[in-house]
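Structure data follow from final_10.txt (compact mmCIF, C-alpha atoms and all ligand atoms):
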```
# COMPACT_ATOMS: atom_id res chain seq x y z
CA MET A 1 55.00 177.01 -149.32
CA TRP A 2 57.94 179.31 -148.62
CA GLU A 3 56.38 182.01 -150.79
CA ARG A 4 53.22 181.75 -148.71
CA THR A 5 55.27 182.21 -145.53
CA VAL A 6 56.84 185.35 -146.99
CA GLU A 7 53.45 186.67 -148.05
CA SER A 8 51.96 186.15 -144.60
CA LEU A 9 54.97 187.82 -142.90
CA SER A 10 54.41 190.75 -145.27
CA SER A 11 50.67 190.97 -144.64
CA GLU A 12 51.28 190.81 -140.87
CA GLY A 13 53.60 193.82 -141.25
CA LEU A 14 56.66 191.89 -140.06
CA ILE A 15 58.36 192.14 -143.45
CA ARG A 16 57.91 195.82 -144.30
CA SER A 17 60.47 196.59 -147.00
CA ASP A 18 60.75 195.28 -150.54
CA ALA A 19 64.45 194.66 -149.92
CA VAL A 20 63.82 192.23 -147.02
CA ARG A 21 61.00 190.57 -148.96
CA ARG A 22 63.27 190.02 -151.98
CA ALA A 23 66.07 188.65 -149.77
CA PHE A 24 63.65 186.19 -148.13
CA LEU A 25 62.47 185.00 -151.54
CA LYS A 26 66.03 184.64 -152.84
CA TYR A 27 67.27 182.61 -149.86
CA PRO A 28 64.49 180.35 -148.47
CA ARG A 29 65.16 178.89 -145.03
CA TYR A 30 65.00 175.31 -146.35
CA LEU A 31 68.41 175.83 -147.97
CA PHE A 32 69.93 176.23 -144.48
CA VAL A 33 68.59 173.26 -142.52
CA GLU A 34 69.32 169.54 -142.61
CA LYS A 35 67.31 167.46 -145.08
CA ARG A 36 65.06 165.94 -142.41
CA HIS A 37 63.96 169.43 -141.26
CA GLN A 38 63.40 170.90 -144.73
CA LYS A 39 59.69 170.11 -144.79
CA TYR A 40 59.22 172.28 -141.68
CA ALA A 41 61.30 175.22 -142.93
CA HIS A 42 58.24 177.25 -143.99
CA LEU A 43 56.74 177.10 -140.47
CA ASP A 44 57.12 180.28 -138.47
CA GLU A 45 59.06 178.71 -135.62
CA PRO A 46 62.71 178.02 -134.76
CA LEU A 47 64.19 174.78 -136.13
CA PRO A 48 67.01 172.62 -134.78
CA ILE A 49 70.45 172.83 -136.38
CA PRO A 50 73.49 170.73 -135.35
CA ALA A 51 75.20 171.07 -131.95
CA GLY A 52 71.90 171.67 -130.11
CA GLN A 53 71.44 175.16 -131.59
CA THR A 54 68.56 176.66 -133.58
CA VAL A 55 67.87 178.69 -136.68
CA SER A 56 65.45 181.44 -135.64
CA ALA A 57 61.81 181.66 -136.68
CA PRO A 58 61.25 183.60 -139.92
CA HIS A 59 59.27 186.37 -138.14
CA MET A 60 62.17 186.98 -135.71
CA VAL A 61 64.70 187.20 -138.53
CA ALA A 62 62.41 189.59 -140.43
CA ILE A 63 61.95 191.81 -137.37
CA MET A 64 65.70 192.03 -136.71
CA LEU A 65 66.54 192.76 -140.35
CA GLU A 66 63.89 195.50 -140.54
CA LEU A 67 65.18 197.03 -137.28
CA ALA A 68 68.72 196.94 -138.70
CA ASP A 69 67.59 198.98 -141.74
CA LEU A 70 70.40 197.61 -143.90
CA LYS A 71 71.47 199.55 -146.98
CA PRO A 72 73.74 198.58 -149.87
CA GLY A 73 77.42 198.94 -149.05
CA MET A 74 77.08 198.82 -145.26
CA ASN A 75 79.81 197.06 -143.30
CA VAL A 76 78.00 194.42 -141.19
CA LEU A 77 79.10 191.99 -138.49
CA GLU A 78 76.84 189.15 -137.39
CA ILE A 79 77.45 187.29 -134.13
CA GLY A 80 76.10 183.72 -134.06
CA THR A 81 76.32 182.30 -137.59
CA GLY A 82 74.35 179.13 -136.81
CA SER A 83 73.03 177.85 -140.15
CA GLY A 84 74.28 180.86 -142.16
CA TRP A 85 70.71 181.81 -143.19
CA ASN A 86 70.62 185.25 -141.59
CA ALA A 87 74.11 186.02 -142.94
CA ALA A 88 72.92 185.11 -146.45
CA LEU A 89 69.97 187.49 -146.09
CA ILE A 90 72.26 190.26 -144.79
CA SER A 91 74.62 189.74 -147.73
CA GLU A 92 71.73 190.14 -150.17
CA LEU A 93 70.66 193.36 -148.44
CA VAL A 94 74.10 195.00 -148.36
CA GLY A 95 75.51 193.47 -151.56
CA THR A 96 79.01 193.43 -150.16
CA ASP A 97 81.20 191.36 -147.82
CA VAL A 98 79.58 190.27 -144.55
CA TYR A 99 81.51 188.97 -141.53
CA THR A 100 79.93 186.45 -139.18
CA ILE A 101 81.36 184.74 -136.09
CA GLU A 102 80.36 181.35 -134.66
CA ARG A 103 81.81 179.71 -131.54
CA ILE A 104 81.03 176.07 -132.44
CA PRO A 105 83.36 174.53 -135.06
CA GLU A 106 80.70 172.09 -136.31
CA LEU A 107 78.41 175.02 -137.12
CA VAL A 108 81.17 176.96 -138.89
CA GLU A 109 81.42 173.98 -141.23
CA PHE A 110 77.62 173.57 -141.48
CA ALA A 111 77.12 177.25 -142.35
CA ARG A 112 79.97 177.29 -144.89
CA GLN A 113 78.46 174.29 -146.67
CA ASN A 114 74.96 175.80 -146.66
CA LEU A 115 76.25 179.14 -147.97
CA GLU A 116 78.23 177.48 -150.71
CA ARG A 117 75.27 175.34 -151.77
CA ALA A 118 73.02 178.42 -151.82
CA GLY A 119 75.57 180.22 -154.02
CA VAL A 120 76.39 182.93 -151.46
CA LYS A 121 79.90 184.23 -152.10
CA ASN A 122 80.32 187.33 -149.95
CA VAL A 123 79.77 185.88 -146.44
CA HIS A 124 82.94 185.19 -144.44
CA VAL A 125 82.42 182.78 -141.54
CA PHE A 126 84.97 182.83 -138.71
CA LEU A 127 85.33 180.57 -135.67
CA GLY A 128 85.62 182.57 -132.47
CA ASP A 129 84.05 184.36 -129.53
CA GLY A 130 81.78 186.97 -131.07
CA THR A 131 81.43 188.83 -127.75
CA LEU A 132 84.89 190.20 -128.60
CA GLY A 133 83.60 191.47 -131.95
CA PHE A 134 85.84 191.18 -134.97
CA PRO A 135 88.46 193.95 -134.85
CA PRO A 136 90.10 193.29 -138.27
CA LYS A 137 87.05 194.62 -140.16
CA ALA A 138 85.81 197.19 -137.59
CA PRO A 139 84.22 199.71 -137.40
CA TYR A 140 80.79 198.48 -138.44
CA ASP A 141 77.65 200.26 -139.63
CA ARG A 142 75.59 197.46 -138.16
CA ILE A 143 76.18 194.60 -135.71
CA ILE A 144 73.47 191.95 -135.41
CA VAL A 145 73.68 189.52 -132.49
CA THR A 146 71.53 186.40 -132.82
CA ALA A 147 72.07 184.94 -129.32
CA GLY A 148 70.95 186.28 -125.93
CA ALA A 149 73.51 188.27 -123.89
CA PRO A 150 73.47 189.12 -120.16
CA GLU A 151 74.48 192.69 -121.15
CA VAL A 152 75.66 194.55 -124.23
CA PRO A 153 79.29 193.42 -124.78
CA LYS A 154 81.61 196.47 -124.57
CA PRO A 155 83.79 195.42 -127.55
CA LEU A 156 80.71 195.54 -129.78
CA LEU A 157 79.95 199.13 -128.73
CA GLU A 158 83.56 200.07 -129.38
CA GLN A 159 83.49 198.50 -132.85
CA LEU A 160 80.33 200.35 -133.89
CA LYS A 161 80.72 203.40 -136.15
CA PRO A 162 79.28 206.73 -135.00
CA GLY A 163 75.76 206.66 -136.48
CA GLY A 164 75.91 202.85 -136.32
CA ARG A 165 73.33 200.45 -134.91
CA LEU A 166 73.53 197.24 -132.88
CA ILE A 167 70.61 194.80 -132.64
CA ILE A 168 70.93 192.48 -129.65
CA PRO A 169 68.78 190.37 -127.31
CA VAL A 170 69.72 191.15 -123.69
CA GLY A 171 68.30 189.55 -120.55
CA SER A 172 69.13 188.51 -117.05
CA HIS A 173 67.89 185.00 -117.73
CA HIS A 174 69.83 183.06 -120.31
CA LEU A 175 66.75 181.89 -122.25
CA TRP A 176 64.56 185.01 -122.15
CA GLN A 177 65.56 188.47 -123.31
CA GLU A 178 64.47 191.92 -124.46
CA LEU A 179 65.49 192.85 -127.97
CA TYR A 180 67.47 196.10 -127.95
CA VAL A 181 68.27 198.54 -130.70
CA VAL A 182 71.46 200.28 -129.57
CA GLU A 183 72.62 203.35 -131.47
CA LYS A 184 75.89 205.21 -131.32
CA THR A 185 75.22 208.86 -132.07
CA ASP A 186 77.49 210.88 -134.35
CA ASP A 187 79.11 212.35 -131.25
CA GLY A 188 79.71 208.89 -129.75
CA ARG A 189 76.88 208.70 -127.17
CA ILE A 190 74.99 205.41 -126.73
CA ARG A 191 71.20 205.31 -126.96
CA LYS A 192 69.17 202.17 -126.24
CA ARG A 193 65.63 201.38 -127.28
CA ARG A 194 63.70 198.26 -126.25
CA TRP A 195 61.69 196.50 -128.94
CA GLY A 196 60.05 193.70 -126.95
CA SER A 197 60.49 190.23 -125.44
CA VAL A 198 62.29 187.49 -127.36
CA VAL A 199 63.75 184.03 -126.78
CA PHE A 200 67.23 183.16 -128.03
CA VAL A 201 69.86 180.57 -127.17
CA PRO A 202 72.57 182.04 -124.91
CA LEU A 203 75.50 184.11 -126.13
CA ILE A 204 78.44 182.32 -124.51
CA GLY A 205 81.80 184.04 -124.21
CA ALA A 206 84.11 186.45 -122.44
CA HIS A 207 81.45 189.23 -122.49
CA GLY A 208 78.47 186.85 -122.50
CA TRP A 209 77.30 183.92 -120.40
CA ARG A 210 79.84 181.42 -119.08
CA GLY A 211 79.93 178.20 -121.10
N1 LIG B 301 71.87 183.49 -137.07
C1 LIG B 301 71.72 182.07 -137.04
C2 LIG B 301 71.09 181.52 -138.28
O1 LIG B 301 70.75 182.29 -139.20
O2 LIG B 301 70.96 180.28 -138.36
C3 LIG B 301 70.99 181.56 -135.82
C4 LIG B 301 71.79 181.72 -134.61
S1 LIG B 301 71.44 180.71 -133.23
C5 LIG B 301 69.90 181.34 -132.68
C6 LIG B 301 72.68 181.40 -132.15
C7 LIG B 301 74.09 181.02 -132.50
O3 LIG B 301 74.97 181.81 -131.71
C8 LIG B 301 74.42 179.58 -132.19
O4 LIG B 301 74.88 178.95 -133.34
C9 LIG B 301 75.51 179.67 -131.13
O5 LIG B 301 76.47 178.65 -131.20
C10 LIG B 301 76.11 181.02 -131.44
N2 LIG B 301 76.87 181.66 -130.36
C11 LIG B 301 76.62 181.68 -129.03
N3 LIG B 301 77.57 182.40 -128.38
C12 LIG B 301 78.44 182.84 -129.33
C13 LIG B 301 79.62 183.64 -129.31
N4 LIG B 301 80.13 184.14 -128.17
N5 LIG B 301 80.25 183.89 -130.47
C14 LIG B 301 79.77 183.40 -131.64
N6 LIG B 301 78.66 182.65 -131.72
C15 LIG B 301 77.99 182.38 -130.59
```
For this file, write the structure as structure tokens.
Ligand code: SAM
Amino acid sequence: MWERTVESLSSEGLIRSDAVRRAFLKYPRYLFVEKRHQKYAHLDEPLPIPAGQTVSAPHMVAIMLELADLKPGMNVLEIGTGSGWNAALISELVGTDVYTIERIPELVEFARQNLERAGVKNVHVFLGDGTLGFPPKAPYDRIIVTAGAPEVPKPLLEQLKPGGRLIIPVGSHHLWQELYVVEKTDDGRIRKRRWGSVVFVPLIGAHGWRG
């Protein structure tokens, strides 16, 4: 059933690259949800994970990964680990260490267990406020934020390499956003492009929504 989901995302043009397709096939979403939700993991909709959060719908994850245009060896930071699924896909695409930050301790544990069970070794999950970025491993080629922010957090712009790219949902309402592709040019200027409307749980933190 998962293979059928991947095929339909490909035929709809949402999965465009072989690399993203292979990553989706290697790490099916059912490996990253609780047992009682596994039978729904092939459906193209968000699913509940512990602590009232969600793992995004497969089409949304595909769109963000294609926009990120990840290449082997890139240094990537993910904000909002959740289940660990997106981090596993990122790690397959870059083939090197990936750093991901989650603010809810229960989900740090959940993601670590899922990643271990799926055999993912190069994802490092940290507890913290991802709106502050993760200075120890900065600067990053790519930063992918999987929760909705009121504005682009400044620390994330600072921790982006020149030529780097940040994918982030931004919106004035905490449950409805526009997905932005933010690029830092080689001479350090910031360029923003809007992809379209999306719905994410809120990014809560010092440079996000108040908890
Ligand atoms: N990428 C996840 C996955 O593959 O399962 C889905 C992420 S879920 C839509 C958003 C996550 O962002 C939630 O787990 C939430 O707790 C987390 N989050 C919200 N604000 C955060 C912050 N300031 N720092 C880190 N994580 C945050």
Query - Surrounding residues of A:Leu157 excluding itself and chain neighbours under 3 positions, 9 Å, only C-alpha atoms, as a ChimeraX atom specification - result: /A:152-154,160-161,166,182-184,190
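Among the candidates A:Asp186, A:Glu45, A:Asp69, A:Asp141, the one nearest to ligand LIG 301 (chain B) when counting only C-alpha atoms and all ligand atoms is A:Glu45.
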Query - Residues within 8 Å of ligand LIG 301 (chain B), counting only C-alpha atoms and all ligand atoms, as number ranges by chain - result: A: 32, 49, 51, 53-56, 61, 78-87, 101-104, 107, 111, 127-132, 145-148, 200-208
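Among A:Asn75, A:Ser197, A:Thr185, A:Ser172, the residue with the shortest atom-to-atom distance to A:Tyr99, counting only C-alpha atoms, is A:Asn75.
Candidate residues A:Met74, A:Ala57, A:Ala138, A:Leu43 were compared for distance to A:Val199, and the nearest is A:Ala57, using only C-alpha atoms.
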Query - Nearest residue to A:Tyr27 from the set A:Ala68, A:Ile143, A:Ala118, A:Val125 (distances using only C-alpha atoms) - result: A:Ala118
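Distance check against A:Gly73 using all atoms listed in the file: of A:Pro155, A:Gly52, A:Gly95, A:Pro162, the minimum falls on A:Gly95.
In terms of minimum interatomic distance to A:Lys121, A:Ala88 ranks closest within A:Gly196, A:Met1, A:Ala88, A:Ile15, counting all atoms listed in the file.
Atom CA of A:Tyr140 is positioned 5.6 Å from atom CA of A:Val76.
Our summary of the geometry notes that atom CA of A:Gly188 is positioned 12.8 Å from atom CA of A:Pro139.
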Report summary line: Separating atom CA of A:Arg29 from atom CA of A:Asn122, to the nearest tenth of an Å, is a gap of 18.0 Å
